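K.L.:
This one is input_1.txt, compact mmCIF, C-alpha atoms.
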```
# COMPACT_ATOMS: atom_id res chain seq x y z
CA MET D 1 0.00 0.00 0.00
CA ASN D 2 1.50 3.32 -1.08
CA GLY D 3 0.88 6.76 0.33
CA VAL D 4 -1.67 7.58 3.00
CA PRO D 5 -4.46 5.14 3.89
CA SER D 6 -8.02 6.43 3.72
CA ARG D 7 -9.55 4.90 6.87
CA VAL D 8 -7.37 3.81 9.79
CA LEU D 9 -8.32 1.95 12.96
CA VAL D 10 -5.81 1.87 15.80
CA ILE D 11 -6.58 -0.83 18.36
CA ALA D 12 -5.26 0.06 21.82
CA PRO D 13 -5.37 -2.45 24.66
CA HIS D 14 -5.28 0.55 27.04
CA PRO D 15 -5.64 4.27 26.44
CA ASP D 16 -2.11 5.57 25.86
CA ASP D 17 -0.94 2.60 23.76
CA GLU D 18 -2.12 4.40 20.62
CA THR D 19 0.09 7.38 21.46
CA LEU D 20 3.12 5.42 22.60
CA GLY D 21 3.05 3.16 19.57
CA CYS D 22 1.87 5.27 16.67
CA GLY D 23 0.83 8.74 17.84
CA GLY D 24 3.00 10.58 15.33
CA THR D 25 1.77 8.40 12.48
CA LEU D 26 -1.86 9.02 13.40
CA LEU D 27 -1.26 12.78 13.50
CA LYS D 28 0.52 12.71 10.15
CA TRP D 29 -2.10 10.59 8.42
CA LYS D 30 -4.92 12.71 9.82
CA ALA D 31 -3.23 15.88 8.55
CA SER D 32 -2.88 14.19 5.15
CA GLY D 33 -6.61 13.55 4.87
CA ALA D 34 -7.13 10.09 6.38
CA GLN D 35 -9.98 9.19 8.68
CA ILE D 36 -8.59 7.91 11.97
CA HIS D 37 -10.58 5.83 14.47
CA TRP D 38 -9.67 4.59 17.95
CA LEU D 39 -10.72 1.32 19.57
CA ILE D 40 -9.93 1.13 23.31
CA VAL D 41 -10.28 -2.46 24.46
CA THR D 42 -10.03 -2.13 28.26
CA GLY D 43 -11.20 0.26 30.95
CA ILE D 44 -10.67 0.69 34.68
CA GLU D 45 -14.27 1.02 35.87
CA GLY D 46 -14.92 -1.66 38.47
CA VAL D 47 -11.28 -2.76 38.47
CA GLN D 48 -9.76 -3.15 41.93
CA GLY D 49 -7.37 -0.37 42.90
CA PHE D 50 -9.02 2.41 40.89
CA SER D 51 -11.16 4.94 42.72
CA GLU D 52 -14.35 6.42 41.33
CA GLU D 53 -12.55 9.75 40.90
CA ARG D 54 -9.75 8.06 38.93
CA VAL D 55 -12.32 6.41 36.67
CA LYS D 56 -13.85 9.83 36.02
CA SER D 57 -10.49 11.47 35.38
CA ARG D 58 -9.54 8.69 32.96
CA GLY D 59 -12.75 9.39 31.08
CA ARG D 60 -11.78 13.05 30.84
CA GLU D 61 -8.32 12.09 29.58
CA ILE D 62 -9.82 9.99 26.81
CA GLU D 63 -12.11 12.84 25.76
CA THR D 64 -9.16 15.25 25.71
CA VAL D 65 -6.89 12.92 23.76
CA ALA D 66 -9.64 12.13 21.24
CA GLY D 67 -9.99 15.86 20.61
CA LEU D 68 -6.24 16.43 20.27
CA TYR D 69 -6.02 13.77 17.57
CA SER D 70 -9.32 14.83 15.98
CA PHE D 71 -10.33 11.18 15.88
CA ASP D 72 -13.31 10.61 13.63
CA SER D 73 -14.67 8.22 16.25
CA TYR D 74 -13.59 6.28 19.29
CA HIS D 75 -15.00 3.06 20.67
CA PRO D 76 -14.43 1.90 24.27
CA CYS D 77 -15.09 -1.78 24.90
CA ASN D 78 -14.55 -1.44 28.67
CA PHE D 79 -13.25 -4.93 29.31
CA PRO D 80 -11.42 -4.98 32.68
CA ALA D 81 -7.80 -3.87 32.37
CA ALA D 82 -5.11 -6.49 33.06
CA GLN D 83 -7.73 -9.24 32.99
CA LEU D 84 -8.27 -9.99 29.30
CA ASP D 85 -6.62 -13.38 29.59
CA THR D 86 -9.31 -14.41 32.10
CA LEU D 87 -12.18 -13.72 29.67
CA PRO D 88 -13.59 -15.97 26.94
CA LYS D 89 -11.59 -15.19 23.81
CA GLY D 90 -14.77 -15.12 21.78
CA ASP D 91 -16.02 -12.13 23.74
CA VAL D 92 -12.94 -10.07 22.85
CA VAL D 93 -12.92 -11.22 19.23
CA GLY D 94 -16.61 -10.40 18.94
CA ALA D 95 -16.25 -6.89 20.39
CA ILE D 96 -13.30 -6.00 18.18
CA GLY D 97 -14.94 -7.59 15.15
CA ARG D 98 -18.12 -5.56 15.55
CA VAL D 99 -16.18 -2.29 15.47
CA ILE D 100 -14.13 -3.41 12.46
CA ARG D 101 -17.25 -4.39 10.52
CA LYS D 102 -18.93 -1.09 11.41
CA LEU D 103 -16.00 1.09 10.33
CA GLU D 104 -14.60 -1.01 7.45
CA PRO D 105 -11.04 0.36 7.82
CA ASP D 106 -8.50 -0.29 5.09
CA THR D 107 -5.62 -0.13 7.61
CA VAL D 108 -5.55 -1.59 11.13
CA LEU D 109 -2.81 -0.96 13.70
CA VAL D 110 -2.35 -3.50 16.50
CA PRO D 111 0.08 -4.09 19.39
CA TYR D 112 2.99 -6.48 18.97
CA ARG D 113 2.08 -10.07 19.83
CA ASN D 114 4.95 -10.72 22.25
CA ASP D 115 4.68 -7.61 24.41
CA VAL D 116 5.18 -8.45 28.07
CA HIS D 117 1.63 -7.32 28.99
CA SER D 118 -0.88 -10.17 28.64
CA ASP D 119 -3.61 -7.76 27.50
CA HIS D 120 -1.54 -6.92 24.42
CA ALA D 121 -1.24 -10.57 23.43
CA VAL D 122 -4.99 -11.14 23.76
CA VAL D 123 -5.78 -8.02 21.73
CA PHE D 124 -3.35 -9.03 19.00
CA ASP D 125 -4.86 -12.51 18.67
CA ALA D 126 -8.40 -11.15 18.66
CA ALA D 127 -7.59 -8.51 16.05
CA VAL D 128 -5.89 -11.02 13.77
CA SER D 129 -8.93 -13.27 14.03
CA ALA D 130 -11.31 -10.38 13.28
CA THR D 131 -9.30 -9.22 10.26
CA LYS D 132 -9.13 -12.52 8.39
CA THR D 133 -9.63 -11.73 4.72
CA PHE D 134 -12.84 -13.72 4.41
CA ARG D 135 -14.30 -11.85 7.39
CA SER D 136 -12.98 -8.36 6.67
CA PRO D 137 -11.99 -8.15 2.98
CA PHE D 138 -11.84 -4.34 3.21
CA VAL D 139 -8.79 -4.52 5.50
CA ARG D 140 -5.87 -4.16 3.11
CA ALA D 141 -3.09 -3.59 5.63
CA LEU D 142 -2.39 -4.87 9.14
CA TYR D 143 0.59 -3.38 10.97
CA ALA D 144 1.98 -4.04 14.46
CA TYR D 145 3.31 -1.11 16.48
CA GLU D 146 5.80 -1.14 19.34
CA THR D 147 4.85 0.05 22.82
CA PRO D 148 7.71 1.35 25.00
CA SER D 149 7.67 -0.33 28.44
CA GLU D 150 5.86 -3.37 27.00
CA THR D 151 7.51 -4.38 23.69
CA ASP D 152 11.04 -3.76 24.94
CA PHE D 153 10.50 -5.82 28.11
CA GLY D 154 9.33 -8.96 26.34
CA VAL D 155 12.06 -11.53 27.02
CA ARG D 156 10.60 -14.77 25.69
CA PRO D 157 13.55 -16.83 24.43
CA ASP D 158 11.55 -17.97 21.39
CA ASP D 159 10.72 -14.41 20.34
CA PRO D 160 13.08 -12.77 17.79
CA GLY D 161 11.95 -9.36 19.04
CA PHE D 162 10.27 -6.42 17.37
CA ARG D 163 11.95 -5.96 13.98
CA PRO D 164 10.32 -3.10 12.08
CA ASN D 165 10.15 -3.35 8.31
CA LEU D 166 7.95 -0.28 7.80
CA PHE D 167 8.88 3.22 8.91
CA VAL D 168 6.73 6.34 8.96
CA SER D 169 8.57 9.64 9.22
CA ILE D 170 7.08 11.77 11.99
CA ASP D 171 9.25 14.82 11.38
CA GLY D 172 7.25 17.74 12.73
CA TYR D 173 4.90 15.56 14.81
CA LEU D 174 7.09 14.22 17.62
CA ASP D 175 6.61 17.17 19.98
CA GLN D 176 2.83 16.97 19.48
CA LYS D 177 2.91 13.25 20.25
CA LEU D 178 4.81 13.90 23.49
CA ALA D 179 2.39 16.66 24.45
CA ILE D 180 -0.57 14.31 23.97
CA MET D 181 1.15 11.62 26.04
CA SER D 182 1.49 14.11 28.90
CA GLU D 183 -2.33 14.22 29.15
CA TYR D 184 -2.32 10.72 30.66
CA GLU D 185 -2.05 11.09 34.44
CA GLY D 186 0.63 8.93 36.00
CA GLU D 187 1.73 7.22 32.78
CA MET D 188 4.91 9.22 32.20
CA GLY D 189 7.92 9.24 34.50
CA ALA D 190 11.41 10.64 34.90
CA PHE D 191 14.28 9.21 32.85
CA PRO D 192 15.37 6.40 32.76
CA PHE D 193 11.75 5.26 33.06
CA PRO D 194 10.87 3.91 29.59
CA ARG D 195 7.78 6.12 29.33
CA SER D 196 9.71 9.38 29.69
CA ASN D 197 10.13 12.18 27.18
CA GLU D 198 13.79 11.28 26.81
CA CYS D 199 13.12 7.62 26.03
CA LEU D 200 10.23 8.27 23.64
CA ARG D 201 12.28 10.88 21.81
CA ALA D 202 15.31 8.56 21.68
CA LEU D 203 13.25 5.74 20.16
CA ALA D 204 11.84 8.10 17.52
CA ILE D 205 15.35 9.29 16.68
CA LEU D 206 16.62 5.70 16.46
CA ARG D 207 13.81 4.73 14.09
CA GLY D 208 14.48 7.92 12.17
CA SER D 209 18.14 6.96 11.75
CA GLN D 210 17.00 3.64 10.28
CA ALA D 211 14.75 5.47 7.82
CA ASN D 212 17.03 8.43 6.97
CA CYS D 213 14.80 11.03 8.61
CA LEU D 214 14.86 13.02 11.83
CA ALA D 215 12.22 10.96 13.65
CA ALA D 216 10.09 7.95 12.77
CA GLU D 217 7.82 5.25 14.13
CA GLY D 218 8.47 1.63 13.23
CA PHE D 219 5.95 -1.07 12.38
CA MET D 220 5.99 -4.71 11.42
CA ILE D 221 3.98 -5.50 8.31
CA LEU D 222 1.69 -8.43 9.13
CA LYS D 223 -0.48 -8.20 6.04
CA GLU D 224 -0.51 -5.90 3.05
CA ILE D 225 -2.69 -6.46 0.02
CA ARG D 226 -1.81 -4.40 -3.03
```
I need this file expressed as structure tokens, please.
P.N.:
Amino acid sequence: MNGVPSRVLVIAPHPDDETLGCGGTLLKWKASGAQIHWLIVTGIEGVQGFSEERVKSRGREIETVAGLYSFDSYHPCNFPAAQLDTLPKGDVVGAIGRVIRKLEPDTVLVPYRNDVHSDHAVVFDAAVSATKTFRSPFVRALYAYETPSETDFGVRPDDPGFRPNLFVSIDGYLDQKLAIMSEYEGEMGAFPFPRSNECLRALAILRGSQANCLAAEGFMILKEIR
């Protein structure tokens, strides 16, 4: 697939994954005329350890972030965070599949399968199931993004690691990505915490060096139909 996709769906296990993994790409594609849509698989309502006020503030964060990206729509599934592997897989596949069939995106962005967080693995498997060509023939491209603090801490000995073979230059969008990430309360930290401005900027510069640009985001091509 060449150029800018027309309708993009980013699937985020948790709100902030979309920004960590592909925030600059979403901003760039939106500015270039693409529709961008956001599917948030989990929520914190009713999850132990989160107060009612935190649930409300998370809702406000999502509204703010949706506005900053100018998402054409966003779709919260509200499965319990950090518990996806305890749910029937069919429930997660069904929820993701319903949004995909409703939106008919040509490009879908998903987390890397071997991230250390179990929610990411469940979301990946469900998204792959829901985007099979005979179920969703309109999906022409499926790309995996990397999530700092999750992708880089996957240490399975049978996993070759995240090896990007697609790069999107985010020159001019990196600062905006970092500003959006700062809207998420408690998700950023001081260096050397992996979700710090320094680390996110360093990763973008590294990917940029691999793509001969100032800053980039890397993806693994899982499916691309030309």
K.L.:
Set the distance at 12 Å and use only C-alpha atoms: which residues neighbour Leu178 in chain D once local chain neighbours fewer than 2 positions away are removed? I'd like the list as a ChimeraX atom specification.
P.N.:
/D:16,19-24,27,65,68,170,172-176,180-184,187-188,195-202,204
K.L.:
Using only C-alpha atoms, pick whichever of D:Ile100, D:Ile62, D:His14, D:Glu53 has the shortest atom-to-atom distance to Ala81 in chain D.
P.N.:
D:His14
K.L.:
Give me the box for range 116-124 of chain D as lines of an AutoDock Vina configuration file, namely the centre and edge lengths in Å to one decimal of a box along x, y and z that holds every listed atom plus 3 Å on each side.
P.N.:
```
center_x = -0.3
center_y = -9.0
center_z = 24.0
size_x = 17.0
size_y = 10.2
size_z = 16.0
```
K.L.:
Could you check how far CA of Val10 in chain D sits from CA of Gly186 in chain D, in Å to one decimal?
P.N.:
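A separation of 22.3 Å between them.
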K.L.:
For the atom pair CA of Lys30 in chain D and CA of Thr107 in chain D, what is the interatomic distance in Å to one decimal place?
P.N.:
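Value for the CA of Lys30 in chain D-CA of Thr107 in chain D distance: 13.0 Å.
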K.L.:
Around the point (-11.0, 1.1, 23.9) in the file's coordinates, collect all residues with an atom within 7 Å, using all atoms listed in the file, and return them as a PyMOL selection string.
P.N.:
chain D and resi 12-15+39-42+75-78
K.L.:
Nearest to Ser136 in chain D among D:Glu150, D:Asp85, D:Asp72, D:Glu104, with distances taken over all atoms listed in the file: which residue is it?
P.N.:
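Using all atoms listed in the file, Ser136 in chain D sits closest to D:Glu104.
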K.L.:
Pick out the residues sitting within 10 Å of Ser169 in chain D, and hand them over as a list of chain:residue names; count only C-alpha atoms, and ignore anything fewer than 5 positions along from it in its own chain.
P.N.:
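Everything that qualifies: D:Gly24, D:Thr25, D:Lys28, D:Leu174, D:Ala204, D:Arg207, D:Gly208, D:Ala211, D:Asn212, D:Cys213, D:Leu214, D:Ala215, D:Ala216, D:Glu217, D:Gly218.
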K.L.:
Quick one: everything within 9 Å of Glu224 in chain D, counting all atoms listed in the file, minus sequence neighbours fewer than 4 positions away in the same chain. Send it as a list in words.
P.N.:
Met1, Thr107, Val139, Arg140, Ala141, Leu142 and Tyr143 of chain D
K.L.:
What's the 8 Å shell around Phe153 in chain D, counting all atoms listed in the file, without same-chain residues fewer than 3 positions away, as a list in words?
P.N.:
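Neighbouring residues, sequence-local ones excluded: Asp115, Val116, Ser149 and Glu150 of chain D.
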K.L.:
CA of Ile96 in chain D and CA of Ala126 in chain D, how far apart in Å?
P.N.:
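Interatomic distance, CA of Ala126 in chain D to CA of Ile96 in chain D: 7.1 Å.
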K.L.:
Quick one: residues within 9 Å of Leu26 in chain D, only C-alpha atoms, excluding same-chain residues fewer than 6 positions away - as a VMD selection string?
P.N.:
chain D and resid 8 10 18 to 19 34 36 69
K.L.:
Identify which of the residues D:Asn165, D:Ser57, D:Thr133, D:Gln83 lies closest to Asp106 in chain D, counting only C-alpha atoms when measuring atom-to-atom distances.
P.N.:
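Nearest candidate to Asp106 in chain D out of D:Asn165, D:Ser57, D:Thr133, D:Gln83: D:Thr133.
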K.L.:
I'd like to know which of D:Gly43, D:His37, D:Ser51, D:Leu206 is closest to Gly67 in chain D, using only C-alpha atoms.
P.N.:
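Closest residue, counting only C-alpha atoms: D:His37.
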K.L.:
Have a look at D:Gln48, D:Ser209, D:Thr131, D:Ser118 and name the one nearest to Val99 in chain D; count only C-alpha atoms.
P.N.:
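Selected residue with least distance to Val99 in chain D: D:Thr131.
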K.L.:
So, counting all atoms listed in the file, which residue among D:Pro164, D:Gln210, D:Ile11, D:Gly189 is closest to Val122 in chain D?
P.N.:
D:Ile11
